[in-house]
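Right, one structure below, let's go through it.
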Amino acid sequence: SPTRPMQAPLAEPFMARPLKTLEIRRSPLCRSRGQLTFGAITVPCALGKSGTTRFKREGDGATPIGPLKPLEVYYRADRGLRPRTALPVRQIDRMDGWCDDPRHPRYNRPVRLPFGASHETMWREDRLYDIVVTLDWNMYPAVAGQGSAIFFHIAREDYRPTEGCVAVAPQHMRLLLEKLDQSCLLEVF
């Protein structure tokens with residue numbers, strides 16, 4: 001029988017394949033602002049009030065330079081629908097916190113409130129943590145004093161600086177989360 005030519009498999013549509021790196025570049029005009037690019041998407045973002053750093057320290061107000069892996073999405077169900085994403089998602093409740101005390105064994109880990117050591121409250125009155133993505137900065141292992149609670153979250157309306165996180169507008173967060181999975185990275189340059 002005659003040999004049939006091999007056919008290439010049908011390619012997936014471009015947007016169906018996960019993009020791998022969200023590139024975050026600091027603005028040359030303002031150290032606490034930047035641009036986040038993910039494939040064909042480019043949006044403004046807020047960065048730490050001290051800009052970016054290769055030498056992150058607890059409380060320095062800087063966003064760490066380097067790759068940051070998204071781990072899990074937290075969201076406020078009372079303020080919006082569950083984000084559509086391939087990342088693990090869970091609702092924030094009033095008892096969720098994040099330890100930022102370098103002397104505590106739960107440093108840079110989620111905690112339940114009330115909690116005796118210094119911590120962030122995840123259930124915030126402002127909208128910054130209505131959707132928040134935990135990142136792997138200083139997680140495995142958590143080294144005392146090298147920074148905690150470095151998140152990807154919602155920006156203030158005027159993109160005022162963060163305490164070291166990366167923040168975008170709510171509509172941009174939802175758009176980006178639809179394209180993220182656990183093989184993606186946020187890379188701060």
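By order in the structure tokens, chains are A, B, ...; within a chain, residues start at 1; ligands start at 1, following the order shown.
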Using only C-alpha atoms, find each residue in segment 83-188 of chain A having at least one atom no more than 10 Å away from segment 34-43 of chain A; report its shortest atom-to-atom pair and that distance in Å (one decimal), rows by chain then rising number, as JSON lines.
```
{"residue": "A:Tyr159", "atom": "CA", "partner": "A:Gly34", "partner_atom": "CA", "distance": 9.7}
{"residue": "A:Val166", "atom": "CA", "partner": "A:Gly34", "partner_atom": "CA", "distance": 9.0}
{"residue": "A:Ala167", "atom": "CA", "partner": "A:Leu36", "partner_atom": "CA", "distance": 9.6}
{"residue": "A:Val168", "atom": "CA", "partner": "A:Val43", "partner_atom": "CA", "distance": 7.6}
{"residue": "A:Ala169", "atom": "CA", "partner": "A:Val43", "partner_atom": "CA", "distance": 8.6}
{"residue": "A:His172", "atom": "CA", "partner": "A:Val43", "partner_atom": "CA", "distance": 7.2}
{"residue": "A:Met173", "atom": "CA", "partner": "A:Val43", "partner_atom": "CA", "distance": 9.8}
{"residue": "A:Leu175", "atom": "CA", "partner": "A:Ile41", "partner_atom": "CA", "distance": 9.2}
{"residue": "A:Leu176", "atom": "CA", "partner": "A:Phe38", "partner_atom": "CA", "distance": 7.8}
{"residue": "A:Lys179", "atom": "CA", "partner": "A:Phe38", "partner_atom": "CA", "distance": 9.1}
{"residue": "A:Leu180", "atom": "CA", "partner": "A:Phe38", "partner_atom": "CA", "distance": 9.7}
{"residue": "A:Leu186", "atom": "CA", "partner": "A:Leu36", "partner_atom": "CA", "distance": 9.0}
{"residue": "A:Glu187", "atom": "CA", "partner": "A:Leu36", "partner_atom": "CA", "distance": 9.3}
{"residue": "A:Val188", "atom": "CA", "partner": "A:Leu36", "partner_atom": "CA", "distance": 9.0}
```
Grab the residues selected above and save them as a PDB file, in the first residue's frame with N, CA and C atoms.
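File written: result-v9.pdb
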```pdb
ATOM      1  N   TYR A 159      -2.249  53.770  42.028  1.00  0.00           N
ATOM      2  CA  TYR A 159      -1.010  52.976  41.964  1.00  0.00           C
ATOM      3  C   TYR A 159       0.036  53.451  42.971  1.00  0.00           C
ATOM      4  N   VAL A 166       3.863  43.354  44.328  1.00  0.00           N
ATOM      5  CA  VAL A 166       3.516  43.802  42.973  1.00  0.00           C
ATOM      6  C   VAL A 166       1.996  43.887  42.945  1.00  0.00           C
ATOM      7  N   ALA A 167       1.451  45.005  42.445  1.00  0.00           N
ATOM      8  CA  ALA A 167      -0.001  45.201  42.480  1.00  0.00           C
ATOM      9  C   ALA A 167      -0.501  45.746  41.143  1.00  0.00           C
ATOM     10  N   VAL A 168      -1.669  45.259  40.724  1.00  0.00           N
ATOM     11  CA  VAL A 168      -2.302  45.679  39.465  1.00  0.00           C
ATOM     12  C   VAL A 168      -3.775  45.995  39.719  1.00  0.00           C
ATOM     13  N   ALA A 169      -4.415  46.629  38.750  1.00  0.00           N
ATOM     14  CA  ALA A 169      -5.847  46.944  38.827  1.00  0.00           C
ATOM     15  C   ALA A 169      -6.663  45.651  38.874  1.00  0.00           C
ATOM     16  N   HIS A 172      -7.253  43.868  35.602  1.00  0.00           N
ATOM     17  CA  HIS A 172      -6.023  43.280  35.067  1.00  0.00           C
ATOM     18  C   HIS A 172      -5.664  42.010  35.831  1.00  0.00           C
ATOM     19  N   MET A 173      -5.883  42.018  37.146  1.00  0.00           N
ATOM     20  CA  MET A 173      -5.632  40.819  37.943  1.00  0.00           C
ATOM     21  C   MET A 173      -6.475  39.655  37.428  1.00  0.00           C
ATOM     22  N   LEU A 175      -7.870  39.239  34.475  1.00  0.00           N
ATOM     23  CA  LEU A 175      -7.421  38.867  33.138  1.00  0.00           C
ATOM     24  C   LEU A 175      -6.162  38.002  33.208  1.00  0.00           C
ATOM     25  N   LEU A 176      -5.204  38.411  34.009  1.00  0.00           N
ATOM     26  CA  LEU A 176      -3.947  37.670  34.132  1.00  0.00           C
ATOM     27  C   LEU A 176      -4.155  36.309  34.783  1.00  0.00           C
ATOM     28  N   LYS A 179      -4.948  33.289  32.758  1.00  0.00           N
ATOM     29  CA  LYS A 179      -3.880  32.743  31.928  1.00  0.00           C
ATOM     30  C   LYS A 179      -2.757  32.100  32.742  1.00  0.00           C
ATOM     31  N   LEU A 180      -2.797  32.236  34.058  1.00  0.00           N
ATOM     32  CA  LEU A 180      -1.723  31.711  34.916  1.00  0.00           C
ATOM     33  C   LEU A 180      -1.975  30.266  35.328  1.00  0.00           C
ATOM     34  N   LEU A 186       6.504  35.112  37.893  1.00  0.00           N
ATOM     35  CA  LEU A 186       6.586  36.562  37.822  1.00  0.00           C
ATOM     36  C   LEU A 186       8.071  36.870  37.944  1.00  0.00           C
ATOM     37  N   GLU A 187       8.627  37.570  36.978  1.00  0.00           N
ATOM     38  CA  GLU A 187      10.060  37.889  37.004  1.00  0.00           C
ATOM     39  C   GLU A 187      10.212  39.397  37.140  1.00  0.00           C
ATOM     40  N   VAL A 188      10.780  39.825  38.261  1.00  0.00           N
ATOM     41  CA  VAL A 188      11.009  41.242  38.517  1.00  0.00           C
ATOM     42  C   VAL A 188      12.420  41.577  38.059  1.00  0.00           C
TER      43      VAL A 188
END
```
DSSP says strand (DSSP E or B) for which residues of segment 70-177 of chain A? Put them as a short mmCIF file (atom, residue, chain, number, x, y, z; two decimals) with all heavy atoms, in the first residue's frame?
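part-v6.cif, written as the output of this step:
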```cif
data_model
loop_
_atom_site.label_atom_id
_atom_site.label_comp_id
_atom_site.auth_asym_id
_atom_site.auth_seq_id
_atom_site.Cartn_x
_atom_site.Cartn_y
_atom_site.Cartn_z
N PRO A 70 4.03 31.93 41.51
CA PRO A 70 2.70 32.03 42.14
C PRO A 70 2.31 30.70 42.76
O PRO A 70 2.50 29.64 42.14
CB PRO A 70 1.79 32.41 40.97
CG PRO A 70 2.46 31.91 39.75
CD PRO A 70 3.95 31.93 40.05
N LEU A 71 1.81 30.74 43.99
CA LEU A 71 1.48 29.52 44.71
C LEU A 71 -0.03 29.29 44.83
O LEU A 71 -0.52 28.22 44.50
CB LEU A 71 2.11 29.55 46.11
CG LEU A 71 3.62 29.67 46.15
CD1 LEU A 71 4.10 29.82 47.58
CD2 LEU A 71 4.28 28.48 45.46
N GLU A 72 -0.74 30.30 45.35
CA GLU A 72 -2.15 30.13 45.65
C GLU A 72 -2.85 31.48 45.58
O GLU A 72 -2.25 32.51 45.88
CB GLU A 72 -2.29 29.54 47.07
CG GLU A 72 -3.67 29.19 47.48
CD GLU A 72 -3.72 28.47 48.83
OE1 GLU A 72 -2.78 28.62 49.64
OE2 GLU A 72 -4.71 27.77 49.07
N VAL A 73 -4.11 31.46 45.19
CA VAL A 73 -4.92 32.67 45.11
C VAL A 73 -5.89 32.69 46.29
O VAL A 73 -6.59 31.71 46.53
CB VAL A 73 -5.73 32.73 43.80
CG1 VAL A 73 -6.58 33.99 43.73
CG2 VAL A 73 -4.80 32.65 42.59
N TYR A 74 -5.91 33.80 47.01
CA TYR A 74 -6.90 34.05 48.05
C TYR A 74 -7.84 35.13 47.52
O TYR A 74 -7.39 36.03 46.82
CB TYR A 74 -6.25 34.58 49.33
CG TYR A 74 -5.44 33.60 50.12
CD1 TYR A 74 -4.17 33.18 49.69
CD2 TYR A 74 -5.90 33.11 51.34
CE1 TYR A 74 -3.41 32.29 50.44
CE2 TYR A 74 -5.14 32.23 52.10
CZ TYR A 74 -3.90 31.83 51.65
OH TYR A 74 -3.15 30.97 52.39
N TYR A 75 -9.12 35.06 47.89
CA TYR A 75 -10.03 36.12 47.46
C TYR A 75 -11.13 36.32 48.48
O TYR A 75 -11.44 35.44 49.27
CB TYR A 75 -10.62 35.81 46.08
CG TYR A 75 -11.76 34.81 46.08
CD1 TYR A 75 -13.07 35.23 45.93
CD2 TYR A 75 -11.52 33.46 46.26
CE1 TYR A 75 -14.12 34.31 45.96
CE2 TYR A 75 -12.55 32.55 46.28
CZ TYR A 75 -13.84 32.97 46.13
OH TYR A 75 -14.87 32.07 46.16
N VAL A 89 -7.24 28.00 44.55
CA VAL A 89 -7.97 29.18 45.02
C VAL A 89 -8.66 28.85 46.33
O VAL A 89 -9.22 27.77 46.50
CB VAL A 89 -9.04 29.61 43.98
CG1 VAL A 89 -9.83 30.82 44.47
CG2 VAL A 89 -8.40 29.91 42.64
N ARG A 90 -8.63 29.82 47.24
CA ARG A 90 -9.39 29.66 48.48
C ARG A 90 -9.90 31.01 48.97
O ARG A 90 -9.30 32.04 48.70
CB ARG A 90 -8.58 28.92 49.53
CG ARG A 90 -7.69 29.68 50.43
CD ARG A 90 -7.08 28.71 51.45
NE ARG A 90 -6.50 29.37 52.57
CZ ARG A 90 -7.15 29.86 53.61
NH1 ARG A 90 -8.45 29.79 53.68
NH2 ARG A 90 -6.51 30.43 54.60
N GLN A 91 -11.01 30.97 49.66
CA GLN A 91 -11.62 32.19 50.19
C GLN A 91 -10.86 32.66 51.42
O GLN A 91 -10.46 31.86 52.25
CB GLN A 91 -13.08 31.94 50.60
CG GLN A 91 -14.01 31.72 49.45
CD GLN A 91 -15.44 31.55 49.93
OE1 GLN A 91 -15.84 32.10 50.95
NE2 GLN A 91 -16.22 30.80 49.18
N ASP A 96 -7.85 34.82 58.85
CA ASP A 96 -6.62 34.60 58.10
C ASP A 96 -5.62 35.71 58.34
O ASP A 96 -5.95 36.90 58.28
CB ASP A 96 -6.90 34.51 56.59
CG ASP A 96 -7.55 33.21 56.19
OD1 ASP A 96 -7.22 32.17 56.79
OD2 ASP A 96 -8.39 33.23 55.27
N GLY A 97 -4.38 35.31 58.60
CA GLY A 97 -3.29 36.26 58.77
C GLY A 97 -2.03 35.71 58.12
O GLY A 97 -2.02 34.58 57.61
N TRP A 98 -0.95 36.51 58.16
CA TRP A 98 0.34 36.10 57.59
C TRP A 98 1.42 36.62 58.53
O TRP A 98 1.53 37.82 58.76
CB TRP A 98 0.51 36.68 56.19
CG TRP A 98 1.56 35.98 55.40
CD1 TRP A 98 2.91 36.24 55.41
CD2 TRP A 98 1.36 34.89 54.50
NE1 TRP A 98 3.56 35.38 54.56
CE2 TRP A 98 2.63 34.54 53.99
CE3 TRP A 98 0.24 34.18 54.07
CZ2 TRP A 98 2.80 33.51 53.07
CZ3 TRP A 98 0.42 33.16 53.16
CH2 TRP A 98 1.68 32.83 52.67
N CYS A 99 2.22 35.73 59.09
CA CYS A 99 3.25 36.10 60.06
C CYS A 99 4.39 36.86 59.39
O CYS A 99 4.98 36.38 58.42
CB CYS A 99 3.79 34.86 60.76
SG CYS A 99 5.08 35.22 61.97
N PRO A 110 1.22 31.46 56.44
CA PRO A 110 -0.15 31.81 56.85
C PRO A 110 -0.37 31.40 58.30
O PRO A 110 0.20 30.40 58.76
CB PRO A 110 -1.04 31.01 55.89
CG PRO A 110 -0.18 29.95 55.32
CD PRO A 110 1.25 30.41 55.42
N VAL A 111 -1.16 32.19 59.00
CA VAL A 111 -1.50 31.90 60.40
C VAL A 111 -2.99 32.16 60.61
O VAL A 111 -3.63 32.84 59.80
CB VAL A 111 -0.67 32.76 61.39
CG1 VAL A 111 0.80 32.39 61.32
CG2 VAL A 111 -0.86 34.25 61.15
N ARG A 112 -3.51 31.65 61.70
CA ARG A 112 -4.89 31.91 62.08
C ARG A 112 -4.89 32.95 63.20
O ARG A 112 -4.03 32.94 64.08
CB ARG A 112 -5.57 30.62 62.58
CG ARG A 112 -5.70 29.53 61.51
CD ARG A 112 -6.54 29.92 60.33
NE ARG A 112 -7.95 29.94 60.67
CZ ARG A 112 -8.90 30.46 59.92
NH1 ARG A 112 -8.61 31.00 58.76
NH2 ARG A 112 -10.15 30.44 60.30
N HIS A 119 1.99 40.32 62.50
CA HIS A 119 1.37 39.65 61.35
C HIS A 119 0.59 40.65 60.51
O HIS A 119 0.30 41.76 60.95
CB HIS A 119 0.42 38.55 61.83
CG HIS A 119 -0.73 39.08 62.62
ND1 HIS A 119 -0.63 39.36 63.97
CD2 HIS A 119 -1.99 39.43 62.26
CE1 HIS A 119 -1.78 39.84 64.41
NE2 HIS A 119 -2.63 39.89 63.38
N GLU A 120 0.27 40.24 59.30
CA GLU A 120 -0.66 40.97 58.45
C GLU A 120 -2.02 40.31 58.58
O GLU A 120 -2.10 39.08 58.68
CB GLU A 120 -0.23 40.91 56.98
CG GLU A 120 0.92 41.80 56.66
CD GLU A 120 0.91 42.21 55.19
OE1 GLU A 120 -0.17 42.41 54.61
OE2 GLU A 120 2.00 42.32 54.65
N THR A 121 -3.05 41.12 58.51
CA THR A 121 -4.41 40.60 58.46
C THR A 121 -4.80 40.49 57.00
O THR A 121 -4.70 41.47 56.25
CB THR A 121 -5.37 41.56 59.21
OG1 THR A 121 -4.93 41.65 60.57
CG2 THR A 121 -6.80 41.05 59.16
N ILE A 131 -8.30 40.20 45.96
CA ILE A 131 -7.66 39.07 45.29
C ILE A 131 -6.17 39.21 45.56
O ILE A 131 -5.58 40.25 45.29
CB ILE A 131 -7.91 39.06 43.77
CG1 ILE A 131 -9.40 39.00 43.43
CG2 ILE A 131 -7.17 37.87 43.13
CD1 ILE A 131 -9.71 39.13 41.95
N VAL A 132 -5.57 38.17 46.10
CA VAL A 132 -4.14 38.20 46.42
C VAL A 132 -3.53 36.84 46.08
O VAL A 132 -4.10 35.81 46.42
CB VAL A 132 -3.89 38.61 47.89
CG1 VAL A 132 -4.59 37.70 48.85
CG2 VAL A 132 -2.42 38.70 48.21
N VAL A 133 -2.40 36.90 45.39
CA VAL A 133 -1.69 35.68 45.02
C VAL A 133 -0.45 35.58 45.91
O VAL A 133 0.38 36.50 45.92
CB VAL A 133 -1.27 35.70 43.53
CG1 VAL A 133 -0.55 34.41 43.15
CG2 VAL A 133 -2.48 35.94 42.63
N THR A 134 -0.33 34.48 46.63
CA THR A 134 0.88 34.28 47.43
C THR A 134 2.00 33.87 46.48
O THR A 134 1.79 33.17 45.49
CB THR A 134 0.68 33.23 48.53
OG1 THR A 134 0.29 31.99 47.94
CG2 THR A 134 -0.36 33.69 49.54
N LEU A 135 3.20 34.37 46.76
CA LEU A 135 4.38 34.09 45.94
C LEU A 135 5.41 33.36 46.79
O LEU A 135 5.38 33.43 48.02
CB LEU A 135 4.96 35.40 45.38
CG LEU A 135 4.00 36.24 44.54
CD1 LEU A 135 4.60 37.60 44.22
CD2 LEU A 135 3.61 35.49 43.26
N PHE A 151 3.48 39.55 47.97
CA PHE A 151 2.30 39.06 47.26
C PHE A 151 2.14 39.79 45.92
O PHE A 151 2.75 40.82 45.66
CB PHE A 151 1.03 39.32 48.09
CG PHE A 151 1.00 38.65 49.43
CD1 PHE A 151 0.45 39.32 50.52
CD2 PHE A 151 1.47 37.37 49.63
CE1 PHE A 151 0.36 38.72 51.77
CE2 PHE A 151 1.40 36.75 50.88
CZ PHE A 151 0.85 37.44 51.95
N PHE A 152 1.26 39.23 45.11
CA PHE A 152 0.76 39.86 43.88
C PHE A 152 -0.69 40.17 44.19
O PHE A 152 -1.48 39.25 44.44
CB PHE A 152 0.92 38.87 42.73
CG PHE A 152 0.43 39.34 41.39
CD1 PHE A 152 0.65 40.63 40.94
CD2 PHE A 152 -0.24 38.46 40.55
CE1 PHE A 152 0.22 41.04 39.69
CE2 PHE A 152 -0.68 38.86 39.30
CZ PHE A 152 -0.45 40.14 38.87
N HIS A 153 -1.05 41.45 44.28
CA HIS A 153 -2.39 41.81 44.75
C HIS A 153 -2.96 42.99 43.99
O HIS A 153 -2.38 43.48 43.03
CB HIS A 153 -2.39 42.03 46.27
CG HIS A 153 -1.55 43.17 46.76
ND1 HIS A 153 -1.90 44.50 46.59
CD2 HIS A 153 -0.36 43.18 47.42
CE1 HIS A 153 -0.99 45.28 47.15
NE2 HIS A 153 -0.04 44.50 47.65
N ILE A 154 -4.11 43.48 44.46
CA ILE A 154 -4.81 44.59 43.83
C ILE A 154 -4.12 45.91 44.19
O ILE A 154 -3.76 46.14 45.35
CB ILE A 154 -6.29 44.63 44.28
CG1 ILE A 154 -6.99 43.29 43.98
CG2 ILE A 154 -7.03 45.81 43.66
CD1 ILE A 154 -7.04 42.92 42.52
N THR A 162 3.52 49.92 47.16
CA THR A 162 3.21 48.83 48.09
C THR A 162 4.32 48.79 49.14
O THR A 162 5.26 49.60 49.11
CB THR A 162 3.16 47.49 47.33
OG1 THR A 162 4.49 47.16 46.90
CG2 THR A 162 2.21 47.54 46.14
N VAL A 166 3.86 43.35 44.33
CA VAL A 166 3.52 43.80 42.97
C VAL A 166 2.00 43.89 42.94
O VAL A 166 1.31 42.96 43.39
CB VAL A 166 4.02 42.81 41.91
CG1 VAL A 166 3.57 43.23 40.52
CG2 VAL A 166 5.53 42.65 41.98
N ALA A 167 1.45 45.01 42.44
CA ALA A 167 0.00 45.20 42.48
C ALA A 167 -0.50 45.75 41.14
O ALA A 167 0.15 46.59 40.53
CB ALA A 167 -0.37 46.16 43.61
N VAL A 168 -1.67 45.26 40.72
CA VAL A 168 -2.30 45.68 39.47
C VAL A 168 -3.77 45.99 39.72
O VAL A 168 -4.34 45.63 40.75
CB VAL A 168 -2.17 44.60 38.36
CG1 VAL A 168 -0.71 44.37 37.99
CG2 VAL A 168 -2.85 43.30 38.76
#
```
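Backbone DSSP assigns alpha helix (DSSP H) in segment 84-185 of chain A to Pro170, Gln171, His172, Met173, Arg174, Leu175, Leu176 and Leu177 of chain A.
When atom CA of Leu185 of chain A is paired with atom CA of Gly59 of chain A, their separation reads 23.7 Å.
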>> Report as a ChimeraX atom specification all protein, DNA and RNA residues lying within 6 Å of Asp136 of chain A, evaluated on only C-alpha atoms, omitting residues in the same chain fewer than 3 positions from it.
In response: /A:68-69,139
>> Taking only C-alpha atoms into account, name the residue in A:Tyr107, A:Phe189, A:Trp123, A:Phe115 that is nearest to Asn138 of chain A.
In response: A:Tyr107
> How far is it from atom CA of Gly116 of chain A to atom CA of His104 of chain A, in Å with one decimal?
Replying inline: 9.8 Å
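Straight-line separation from atom CA of Ser148 of chain A to atom CA of Ala77 of chain A: 24.6 Å.
With distances restricted to only C-alpha atoms, A:Gln171 is the closest residue to Gly80 of chain A from A:Lys56, A:Gln171, A:Pro141, A:Asp158.
For the residues A:Cys165, A:Ile65, A:Ile24, A:Ala142, ranking by smallest atom-to-atom distance to Arg103 of chain A using only C-alpha atoms places A:Ala142 first.
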